[in-house]
>>> print(open('coords01.tsv').read())   # TSV, C-alpha atoms
chain	number	residue	atom	x	y	z
R	37	VAL	CA	6.47	-6.85	11.43
R	38	GLU	CA	6.15	-4.90	14.66
R	39	VAL	CA	3.63	-2.23	15.63
R	40	VAL	CA	4.24	1.10	17.38
R	41	ALA	CA	1.18	2.87	18.78
R	42	ALA	CA	0.26	5.55	21.28
R	43	SER	CA	-2.71	5.30	23.67
R	44	ASN	CA	-4.76	7.90	25.51
R	45	ASN	CA	-3.46	6.70	28.87
R	46	ASP	CA	-0.11	8.39	28.16
R	47	ARG	CA	1.65	5.26	26.89
R	48	VAL	CA	3.68	4.49	23.78
R	49	TRP	CA	3.74	0.79	22.89
R	50	LEU	CA	6.02	-1.45	20.86
R	51	LEU	CA	4.12	-4.64	20.06
R	52	THR	CA	4.96	-7.89	18.36
R	53	SER	CA	2.89	-9.07	15.39
R	54	GLU	CA	0.93	-11.16	17.91
R	55	GLY	CA	0.04	-8.04	19.92
R	56	MET	CA	2.40	-8.65	22.85
R	57	PRO	CA	4.48	-5.78	24.31
R	58	PHE	CA	8.24	-5.95	23.86
R	59	PRO	CA	10.37	-6.05	27.00
R	60	ASN	CA	10.83	-2.59	28.58
R	61	TRP	CA	7.67	-1.30	26.90
R	62	PRO	CA	5.35	0.68	27.10
R	63	LYS	CA	6.91	4.10	27.68
R	64	THR	CA	5.30	7.03	29.47
R	65	CYS	CA	4.60	10.06	27.29
R	66	VAL	CA	2.12	12.84	28.11
R	67	LEU	CA	-0.63	12.67	25.50
R	68	ASN	CA	-3.54	14.39	27.24
R	69	ASP	CA	-5.28	15.69	24.13
R	70	ASP	CA	-7.71	14.46	21.50
R	71	PHE	CA	-5.14	15.23	18.80
R	72	ALA	CA	-2.12	13.25	19.95
R	73	SER	CA	0.73	12.99	17.47
R	74	SER	CA	1.66	9.82	15.63
R	75	PRO	CA	4.92	7.91	16.25
R	76	THR	CA	7.80	8.32	13.80
R	77	LEU	CA	10.33	5.58	13.00
R	78	ALA	CA	13.85	6.22	11.74
R	79	ASP	CA	17.38	4.83	11.89
R	80	LEU	CA	19.09	7.83	13.45
R	81	ASP	CA	22.55	6.33	13.85
R	82	GLY	CA	22.74	4.13	10.74
R	83	ASP	CA	23.12	0.88	12.67
R	84	GLY	CA	20.22	-0.83	10.90
R	85	ASP	CA	17.87	-0.63	13.91
R	86	LEU	CA	14.97	1.79	14.09
R	87	GLU	CA	14.50	4.41	16.76
R	88	ILE	CA	11.04	5.54	17.87
R	89	LEU	CA	10.28	9.27	18.02
R	90	MET	CA	7.23	10.85	19.65
R	91	THR	CA	6.15	14.41	20.44
R	92	SER	CA	4.19	14.97	23.64
R	93	SER	CA	1.76	17.54	24.96
R	94	ASP	CA	4.28	18.79	27.52
R	95	ALA	CA	6.39	20.22	24.67
R	96	GLN	CA	8.92	17.39	24.57
R	97	ILE	CA	10.35	15.28	21.78
R	98	HIS	CA	11.11	11.75	22.96
R	99	VAL	CA	13.40	9.25	21.25
R	100	TRP	CA	13.80	5.60	22.30
R	101	THR	CA	15.69	2.67	20.90
R	102	TRP	CA	13.63	-0.39	20.04
R	103	GLU	CA	15.06	-2.02	23.19
R	104	GLY	CA	13.32	0.69	25.22
R	105	ASP	CA	16.37	2.75	26.15
R	106	VAL	CA	16.32	6.55	26.00
R	107	TYR	CA	18.34	7.63	22.95
R	108	PRO	CA	21.40	9.78	23.85
R	109	GLY	CA	20.65	13.50	23.77
R	110	TRP	CA	16.90	13.11	24.23
R	111	PRO	CA	14.25	14.11	25.21
R	112	GLN	CA	14.41	17.74	24.13
R	113	THR	CA	11.97	20.43	25.26
R	114	VAL	CA	10.77	22.97	22.70
R	115	ALA	CA	10.62	26.41	24.28
R	116	GLY	CA	7.61	28.61	23.68
R	117	GLY	CA	4.71	26.18	23.54
R	118	ASP	CA	3.47	22.68	22.99
R	119	VAL	CA	5.08	20.75	20.14
R	120	GLY	CA	2.69	20.97	17.22
R	121	ASP	CA	-0.15	21.54	19.75
R	122	LYS	CA	-0.14	17.77	20.33
R	123	ARG	CA	-0.91	17.20	16.64
R	124	GLY	CA	2.31	17.49	14.68
R	125	SER	CA	4.64	14.52	14.38
R	126	VAL	CA	8.32	14.83	13.55
R	127	SER	CA	9.76	14.19	10.10
R	128	VAL	CA	13.23	12.79	9.53
R	129	GLY	CA	15.66	13.28	6.64
R	130	ASP	CA	18.94	14.87	5.57
R	131	ILE	CA	18.33	18.62	5.61
R	132	ASP	CA	21.90	19.88	6.00
R	133	GLY	CA	23.76	17.78	3.44
R	134	ASP	CA	25.94	15.85	5.87
R	135	SER	CA	24.54	12.44	4.81
R	136	ASP	CA	23.13	11.95	8.32
R	137	VAL	CA	19.46	12.37	9.15
R	138	GLU	CA	17.98	15.31	11.02
R	139	ILE	CA	14.67	15.83	12.82
R	140	VAL	CA	12.16	18.55	11.89
R	141	VAL	CA	9.09	19.56	13.90
R	142	GLY	CA	6.68	22.50	14.09
R	143	ALA	CA	5.53	24.22	17.28
R	144	SER	CA	2.63	26.33	18.50
R	145	ASN	CA	4.97	29.31	18.91
R	146	GLY	CA	5.12	29.55	15.12
R	147	LYS	CA	8.63	28.16	14.85
R	148	VAL	CA	9.91	25.16	12.90
R	149	TYR	CA	12.78	23.39	14.65
R	150	GLY	CA	15.61	21.34	13.19
R	151	TYR	CA	17.71	18.99	15.34
R	152	ASP	CA	20.57	16.68	14.64
R	153	SER	CA	20.28	13.08	15.80
R	154	ASP	CA	21.99	13.95	19.10
R	155	GLY	CA	19.36	16.52	20.03
R	156	GLN	CA	21.35	19.65	19.13
R	157	ILE	CA	19.60	22.53	17.35
R	158	LEU	CA	20.88	22.94	13.80
R	159	ALA	CA	22.58	26.14	12.69
R	160	GLY	CA	20.00	28.55	11.31
R	161	TRP	CA	17.12	26.88	13.11
R	162	PRO	CA	14.46	27.35	14.41
R	163	ILE	CA	12.78	29.30	11.62
R	164	GLN	CA	9.99	31.70	12.57
R	165	THR	CA	6.67	31.75	10.70
R	166	ASP	CA	3.75	34.13	11.15
R	167	ALA	CA	1.38	31.67	12.87
R	168	GLU	CA	1.17	28.45	14.87
R	169	VAL	CA	2.45	25.36	13.04
R	170	PHE	CA	0.11	22.51	13.93
R	171	SER	CA	0.96	20.39	10.90
R	172	SER	CA	3.64	17.73	10.55
R	173	PRO	CA	6.44	18.92	8.26
R	174	THR	CA	6.76	17.37	4.81
R	175	LEU	CA	10.18	16.68	3.28
R	176	ALA	CA	10.39	16.44	-0.52
R	177	ASP	CA	12.37	17.46	-3.59
R	178	LEU	CA	9.76	19.80	-5.07
R	179	ASP	CA	11.88	21.32	-7.85
R	180	GLY	CA	13.84	18.23	-8.88
R	181	ASP	CA	17.24	19.77	-8.10
R	182	GLY	CA	18.31	16.92	-5.82
R	183	ASP	CA	17.94	18.96	-2.62
R	184	ILE	CA	15.30	18.54	0.06
R	185	GLU	CA	12.66	21.16	0.73
R	186	VAL	CA	10.85	21.50	4.07
R	187	ILE	CA	7.14	22.28	3.77
R	188	VAL	CA	4.71	23.24	6.56
R	189	SER	CA	1.29	24.86	6.72
R	190	GLY	CA	0.49	27.54	9.29
R	191	MET	CA	-2.69	28.60	11.02
R	192	ASP	CA	-2.57	31.81	8.95
R	193	GLY	CA	-3.60	29.74	5.93
R	194	MET	CA	-0.15	30.00	4.38
R	195	VAL	CA	2.18	27.24	3.15
R	196	TYR	CA	5.85	27.80	3.99
R	197	ILE	CA	8.64	26.17	1.97
R	198	TRP	CA	12.37	26.32	2.66
R	199	ASP	CA	15.09	25.03	0.37
R	200	THR	CA	17.78	23.15	2.30
R	201	ALA	CA	21.20	21.73	1.51
R	202	GLY	CA	20.00	18.21	2.28
R	203	SER	CA	20.48	15.51	-0.34
R	204	HIS	CA	17.29	13.90	-1.65
R	205	ASP	CA	19.33	11.02	-3.11
R	206	ASN	CA	16.40	9.65	-5.13
R	207	GLY	CA	14.35	9.40	-1.95
R	208	ASP	CA	17.01	7.71	0.18
R	209	GLY	CA	17.74	11.01	1.95
R	210	ILE	CA	14.26	10.96	3.52
R	211	GLU	CA	13.45	8.36	6.16
R	212	TRP	CA	10.06	9.62	7.34
R	213	GLY	CA	8.86	12.38	5.03
R	214	ASN	CA	5.50	13.49	6.41
R	215	PHE	CA	2.60	12.62	8.70
R	216	ARG	CA	2.36	8.82	8.98
R	217	HIS	CA	5.39	8.40	6.72
R	218	ASP	CA	4.03	8.82	3.17
R	219	ASN	CA	1.30	10.35	1.02
R	220	ARG	CA	-0.87	7.27	1.54
R	221	ARG	CA	-0.60	7.69	5.33
R	222	THR	CA	0.39	4.05	5.74
R	223	GLY	CA	2.45	4.64	8.89
R	224	CYS	CA	4.69	1.87	7.57
R	225	TYR	CA	8.47	2.34	7.59
R	226	GLY	CA	9.95	1.40	4.23
R	227	TYR	CA	6.64	1.56	2.35
R	228	GLY	CA	7.31	2.45	-1.27
R	229	LEU	CA	4.80	1.92	-4.05
R	230	GLU	CA	6.72	3.65	-6.82
R	231	VAL	CA	4.62	5.20	-9.54
R	232	GLY	CA	5.97	7.17	-12.49
R	233	VAL	CA	4.56	8.82	-15.59
R	234	HIS	CA	5.92	8.20	-19.09
R	235	GLU	CA	6.29	11.06	-21.54
R	236	ASP	CA	3.11	9.89	-23.27
R	237	GLY	CA	1.22	10.31	-19.99
R	238	ALA	CA	0.82	6.60	-19.21
R	239	TRP	CA	1.21	5.47	-15.61
R	240	SER	CA	3.90	3.01	-14.63
R	241	VAL	CA	3.83	0.88	-11.48
R	242	PHE	CA	7.06	-0.53	-10.05
R	243	GLY	CA	5.85	-2.29	-6.91
R	244	ALA	CA	3.24	-4.85	-5.92
R	245	LYS	CA	0.22	-3.71	-3.92
R	246	LEU	CA	-2.69	-5.49	-2.25
R	247	ASP	CA	-5.79	-3.42	-1.48
R	248	GLN	CA	-8.15	-4.03	1.40
R	249	ASN	CA	-11.09	-6.14	0.28
R	250	VAL	CA	-14.45	-4.45	-0.31
R	251	PRO	CA	-16.74	-4.87	1.52
R	252	ASN	CA	-15.15	-5.92	4.78
R	253	PRO	CA	-16.71	-7.59	6.75
R	254	PHE	CA	-18.54	-9.36	3.92
R	255	ASN	CA	-21.28	-11.86	3.15
R	256	PRO	CA	-21.49	-13.62	0.78
R	257	VAL	CA	-18.84	-12.23	-1.59
R	258	THR	CA	-16.03	-9.68	-1.50
R	259	SER	CA	-13.78	-8.08	-4.12
R	260	ILE	CA	-9.99	-8.03	-3.73
R	261	ALA	CA	-7.93	-5.64	-5.88
R	262	TYR	CA	-4.20	-6.02	-6.41
R	263	THR	CA	-1.46	-4.37	-8.44
R	264	VAL	CA	1.65	-5.93	-9.99
R	265	PRO	CA	4.63	-4.20	-11.64
R	266	ASP	CA	4.73	-3.20	-15.28
R	267	GLY	CA	5.71	-6.12	-17.47
R	268	GLY	CA	3.71	-8.58	-15.39
R	269	ALA	CA	4.75	-11.04	-12.70
R	270	ASP	CA	4.25	-14.56	-11.43
R	271	ILE	CA	1.91	-14.26	-8.47
R	272	ASP	CA	0.12	-16.35	-5.90
R	273	LEU	CA	-3.01	-14.79	-4.41
R	274	ALA	CA	-4.61	-17.04	-1.82
R	275	VAL	CA	-6.80	-17.13	1.26
R	276	PHE	CA	-5.49	-18.62	4.51
R	277	ASN	CA	-7.09	-19.32	7.86
R	278	ILE	CA	-5.55	-17.79	10.99
R	279	ALA	CA	-3.69	-21.04	11.68
R	280	GLY	CA	-1.82	-20.60	8.40
R	281	GLY	CA	-3.63	-23.27	6.40
R	282	ARG	CA	-4.43	-22.51	2.77
R	283	VAL	CA	-8.18	-22.25	2.27
R	284	THR	CA	-8.27	-21.55	-1.45
R	285	THR	CA	-6.17	-20.11	-4.26
R	286	LEU	CA	-7.66	-17.12	-6.03
R	287	VAL	CA	-4.98	-16.43	-8.66
R	288	SER	CA	-1.84	-18.40	-9.50
R	289	GLY	CA	0.56	-17.88	-12.38
R	290	ARG	CA	1.65	-15.12	-14.70
R	291	VAL	CA	-0.52	-11.99	-14.80
R	292	PRO	CA	-0.10	-8.75	-16.76
R	293	GLY	CA	1.15	-5.60	-15.09
R	294	GLY	CA	-1.26	-3.11	-13.61
R	295	ARG	CA	-4.31	-3.29	-11.39
R	296	SER	CA	-6.67	-6.28	-11.35
R	297	SER	CA	-9.32	-7.66	-9.04
R	298	VAL	CA	-10.81	-11.00	-8.10
R	299	VAL	CA	-13.91	-12.04	-6.18
R	300	TRP	CA	-13.89	-14.49	-3.28
R	301	ASP	CA	-17.23	-16.11	-2.57
R	302	GLY	CA	-16.37	-17.47	0.87
R	303	THR	CA	-15.69	-21.03	-0.27
R	304	ASP	CA	-12.64	-23.27	0.03
R	305	SER	CA	-10.73	-25.06	-2.71
R	306	SER	CA	-13.43	-27.79	-2.78
R	307	GLY	CA	-16.22	-25.28	-3.27
R	308	GLU	CA	-17.53	-25.75	0.26
R	309	ALA	CA	-18.66	-22.69	2.21
R	310	VAL	CA	-16.24	-21.78	5.00
R	311	ALA	CA	-17.22	-20.78	8.53
R	312	SER	CA	-17.58	-17.20	9.72
R	313	GLY	CA	-14.36	-15.73	11.04
R	314	VAL	CA	-11.13	-13.94	10.26
R	315	TYR	CA	-9.10	-14.97	7.20
R	316	LEU	CA	-5.89	-13.73	5.63
R	317	VAL	CA	-5.55	-12.84	1.95
R	318	ARG	CA	-1.92	-13.09	0.92
R	319	LEU	CA	-0.32	-11.85	-2.31
R	320	THR	CA	3.13	-13.11	-3.27
R	321	ALA	CA	4.56	-11.32	-6.29
R	322	GLU	CA	8.24	-11.84	-7.06
R	323	SER	CA	10.07	-10.82	-3.85
R	324	ALA	CA	7.07	-9.11	-2.23
R	325	THR	CA	4.61	-10.73	0.16
R	326	LEU	CA	1.58	-8.67	1.20
R	327	THR	CA	-1.25	-9.65	3.55
R	328	ARG	CA	-4.71	-8.31	4.35
R	329	LYS	CA	-7.12	-9.41	7.04
R	330	VAL	CA	-10.69	-10.15	5.89
R	331	VAL	CA	-13.75	-10.96	7.96
R	332	LEU	CA	-16.60	-13.24	6.85
R	333	LEU	CA	-19.85	-12.72	8.75
R	334	LYS	CA	-22.91	-14.90	8.31
>>> encode(input="coords01.tsv", output="structure tokens")
Amino acid sequence: VEVVAASNNDRVWLLTSEGMPFPNWPKTCVLNDDFASSPTLADLDGDGDLEILMTSSDAQIHVWTWEGDVYPGWPQTVAGGDVGDKRGSVSVGDIDGDSDVEIVVGASNGKVYGYDSDGQILAGWPIQTDAEVFSSPTLADLDGDGDIEVIVSGMDGMVYIWDTAGSHDNGDGIEWGNFRHDNRRTGCYGYGLEVGVHEDGAWSVFGAKLDQNVPNPFNPVTSIAYTVPDGGADIDLAVFNIAGGRVTTLVSGRVPGGRSSVVWDGTDSSGEAVASGVYLVRLTAESATLTRKVVLLK
């Protein structure tokens, strides 16, 4: 995986999993405020590569390709004030029903703007509210009719909701639906722990999940919670050192669906205490592989 992050020295970074900048990065983006927005990732042109979107405190919306090129039609300047007062990120989804994705952002002039992927203002946008919009818009199908609603909160204490012609398409019509992508604020493109409720009220889980260990850092023991899909799955939950060597196996084999936890006591597969340092807990469940970093301090 790669990491996109903004820094308070007016830079937006694209980093490898080893923490090294990609060629042609970082990019300059004015972020001179304690409440800088968060980057948004989306495939604007449907080519399978992600673009990187960022609002700045000089009222601009920037879009770059992952190669570091400026995306055609961008940046765009929002008239009438700073974009989201340096707080609001953009959300991306189909809000006009054309099967392409559009970009939605609030502004301190009380307007909510909609753009197509080429930077053109959509027909009927911007929409005026009665107060500054500092929040990041949320895109969702609130009424289950298959369309996408746009939701923002204003500084007047009101929540504004507009019904659009955009296709929800069982979630596929939304690429980045709210601040830091999802309700769990993972900031992870493609994250999707699907949870449903049966008619009898029971919860159903359709995706694997690995929680951060508690406590972390730890000494001498730590608890690791994980979730597997309904119906159970064959899993491998193990601890690795940073060189990739397996230290010990915590769980291996078929486990029932739902949430479970296991304790690691800081020992290897021979029962010997391991040294202080950083370790990786890795869960493999069917086609999913999830990793968490844990720290042992002595």
>>> atom_distance(input="coords01.tsv", atom1="CA of Gly182 (chain R)", atom2="CA of Gly294 (chain R)")
29.1 Å
>>> closest_residue(input="coords01.tsv", among="R:Gly124, R:Gly82, R:Pro292, R:Pro265", to="Gln96 (chain R)", atoms="all atoms listed in the file")
R:Gly124
>>> closest_residue(input="coords01.tsv", among="R:Thr52, R:Asp81, R:Leu89, R:Tyr149", to="Cys65 (chain R)", atoms="all atoms listed in the file")
R:Leu89
>>> closest_residue(input="coords01.tsv", among="R:Asp136, R:Ser93, R:Gly293, R:Val298", to="Asp208 (chain R)", atoms="only C-alpha atoms")
R:Asp136
>>> closest_residue(input="coords01.tsv", among="R:Gln112, R:Ser323, R:Ser74, R:Ser135", to="Asp205 (chain R)", atoms="all atoms listed in the file")
R:Ser135
